[in-house]
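Structure record follows, encoded as structure tokens.
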Amino acid sequence: MNIEIYTEKYKADIAALILNIQNNEFNVPVTLADQPDLLDIENFYCKKKGNFWVAVEDEKLIGTIALIDFDKGQAALRKMFVHKDYRGKEKGVGQLLLDTLLAWCKQKNIFEIYLGTVEQLHAAKRFYVKNGFVKIEKTALPEKFPLMQVDTEFFKLRIE
């Protein structure tokens with residue numbers, strides 16, 4: 001399994017993976033039209049200090065994670081999704097994706113990461129807390145945080 005920086009060849013697979021997880025596994029009512037970032041990953045994520053990574057095994061896309069640089073030293077974690085067959089501590093895909101993003105943040109002098117999620121993603125929220133994220137109120141988000149309509153719970157990680 002490898003973590004790679006996004007290239008156009010994964011574009012369709014990324015949208016398919018994310019929409020399947022959102023709609024079919026967790027009943028989050030979002031469409032591709034609701035997520036225009038998935039149609040223009042390079043221009044949406046891969047600018048300033050942001051980036052988009054994919055986890056690939058045997059040429060198959062199995063996970064994603066993205067970072068939006070929205071203010072000095074602050075970024076938003078987005079699009080963290082792992083195919084259901086590759087989830088869990090023993091597989092380590094989610095951890096490797098997050099570790100890749102955190103290493104990037106340290107290199108780029110990003111010291112605060114924020115994220116939004118939905119109530120039904122219990123395992124994801126446990127994963128974030130295990131990795132040092134702290135739950136915060138929506139009112140504690142930075143003014144420039146790129147809020148998504150469906151998000152109801154928010155987390156912050158301070159990188160030392």
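Chain identifiers are assigned as A, B, and so on, following the order in which chains appear in the structure tokens; residues are numbered from 1 within each chain, and ligands are numbered from 1 in order of appearance.
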Surrounding residues of Ala66 (chain A) excluding itself and chain neighbours under 3 positions, 6 Å, only C-alpha atoms, as a ChimeraX atom specification: /A:51-52,77-79
Take the selection from the previous step and output its residues with N, CA, C and O atoms, as a PDB file, in the first residue's frame.
```pdb
ATOM      1  N   ASN A  51      -3.102  20.222   0.011  1.00  0.00           N
ATOM      2  CA  ASN A  51      -2.763  19.088  -0.839  1.00  0.00           C
ATOM      3  C   ASN A  51      -3.850  18.030  -0.721  1.00  0.00           C
ATOM      4  O   ASN A  51      -4.751  18.142   0.104  1.00  0.00           O
ATOM      5  N   PHE A  52      -3.751  17.016  -1.557  1.00  0.00           N
ATOM      6  CA  PHE A  52      -4.700  15.897  -1.574  1.00  0.00           C
ATOM      7  C   PHE A  52      -3.890  14.626  -1.791  1.00  0.00           C
ATOM      8  O   PHE A  52      -3.055  14.571  -2.690  1.00  0.00           O
ATOM      9  N   LEU A  77      -8.765  19.765   7.582  1.00  0.00           N
ATOM     10  CA  LEU A  77      -8.680  18.393   7.111  1.00  0.00           C
ATOM     11  C   LEU A  77     -10.007  18.075   6.445  1.00  0.00           C
ATOM     12  O   LEU A  77     -11.063  18.314   7.013  1.00  0.00           O
ATOM     13  N   ARG A  78      -9.926  17.557   5.240  1.00  0.00           N
ATOM     14  CA  ARG A  78     -11.137  17.220   4.495  1.00  0.00           C
ATOM     15  C   ARG A  78     -10.976  15.874   3.808  1.00  0.00           C
ATOM     16  O   ARG A  78      -9.878  15.395   3.599  1.00  0.00           O
ATOM     17  N   LYS A  79     -12.078  15.328   3.396  1.00  0.00           N
ATOM     18  CA  LYS A  79     -12.151  14.149   2.526  1.00  0.00           C
ATOM     19  C   LYS A  79     -11.346  12.957   3.019  1.00  0.00           C
ATOM     20  O   LYS A  79     -10.711  12.253   2.247  1.00  0.00           O
TER      21      LYS A  79
END
```
task: Using backbone DSSP assignments, extract all strand (DSSP E) residues from region 6-158 of chain A; output them as an NGL selection string.
output: :A and (51-57 or 60-71 or 74-82 or 112-117 or 134-136 or 153-158)
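The smallest atom-to-atom distance between Glu57 (chain A) and any of A:Gln74, A:Asn43, A:Asn23, A:Asn2, using only C-alpha atoms, is found for A:Asn2.
Backbone DSSP of region 15-102 of chain A yields alpha helix (DSSP H) at Ala15, Ala16, Leu17, Ile18, Leu19, Ile41, Glu42, Asn43, Phe44, Tyr45, Val93, Gly94, Gln95, Leu96, Leu97, Leu98, Asp99, Thr100, Leu101 and Leu102 of chain A.
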field: For region 67-72 of chain A: contacts at 9 Å, only C-alpha atoms, fewer than 5 positions along chain excluded, given as a list in words
entry: Phe44, Tyr45, Cys46, Lys47, Lys48, Lys49, Gly50, Asn51, Phe52, Trp53, Leu77, Arg78, Lys79, Leu101, Cys105, Asn109, Ile110, Ile113, Pro142, Lys144, Phe145 and Pro146 of chain A
field: Selection near Val93 (chain A), 8 Å with only C-alpha atoms, sequence-local residues under 4 positions removed, as a ChimeraX atom specification
entry: /A:55,63,82,86-88,97
Generate a file of the selected residues that holds C-alpha atoms, formatted as a JSON list (two decimals), in the first residue's frame.
```
[["chain", "number", "residue", "atom", "x", "y", "z"],
["A", 55, "ALA", "CA", -3.96, 5.49, -0.57],
["A", 63, "GLY", "CA", -8.46, 5.91, 0.72],
["A", 82, "VAL", "CA", -11.12, 4.72, 3.64],
["A", 86, "TYR", "CA", -9.29, -1.42, 4.55],
["A", 87, "ARG", "CA", -10.49, 0.24, 7.77],
["A", 88, "GLY", "CA", -9.27, -0.47, 11.25],
["A", 97, "LEU", "CA", -3.05, 8.92, 5.56]]
```
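Across the model, the gap from CA of Gly94 (chain A) to CA of Thr139 (chain A) is 27.9 Å.
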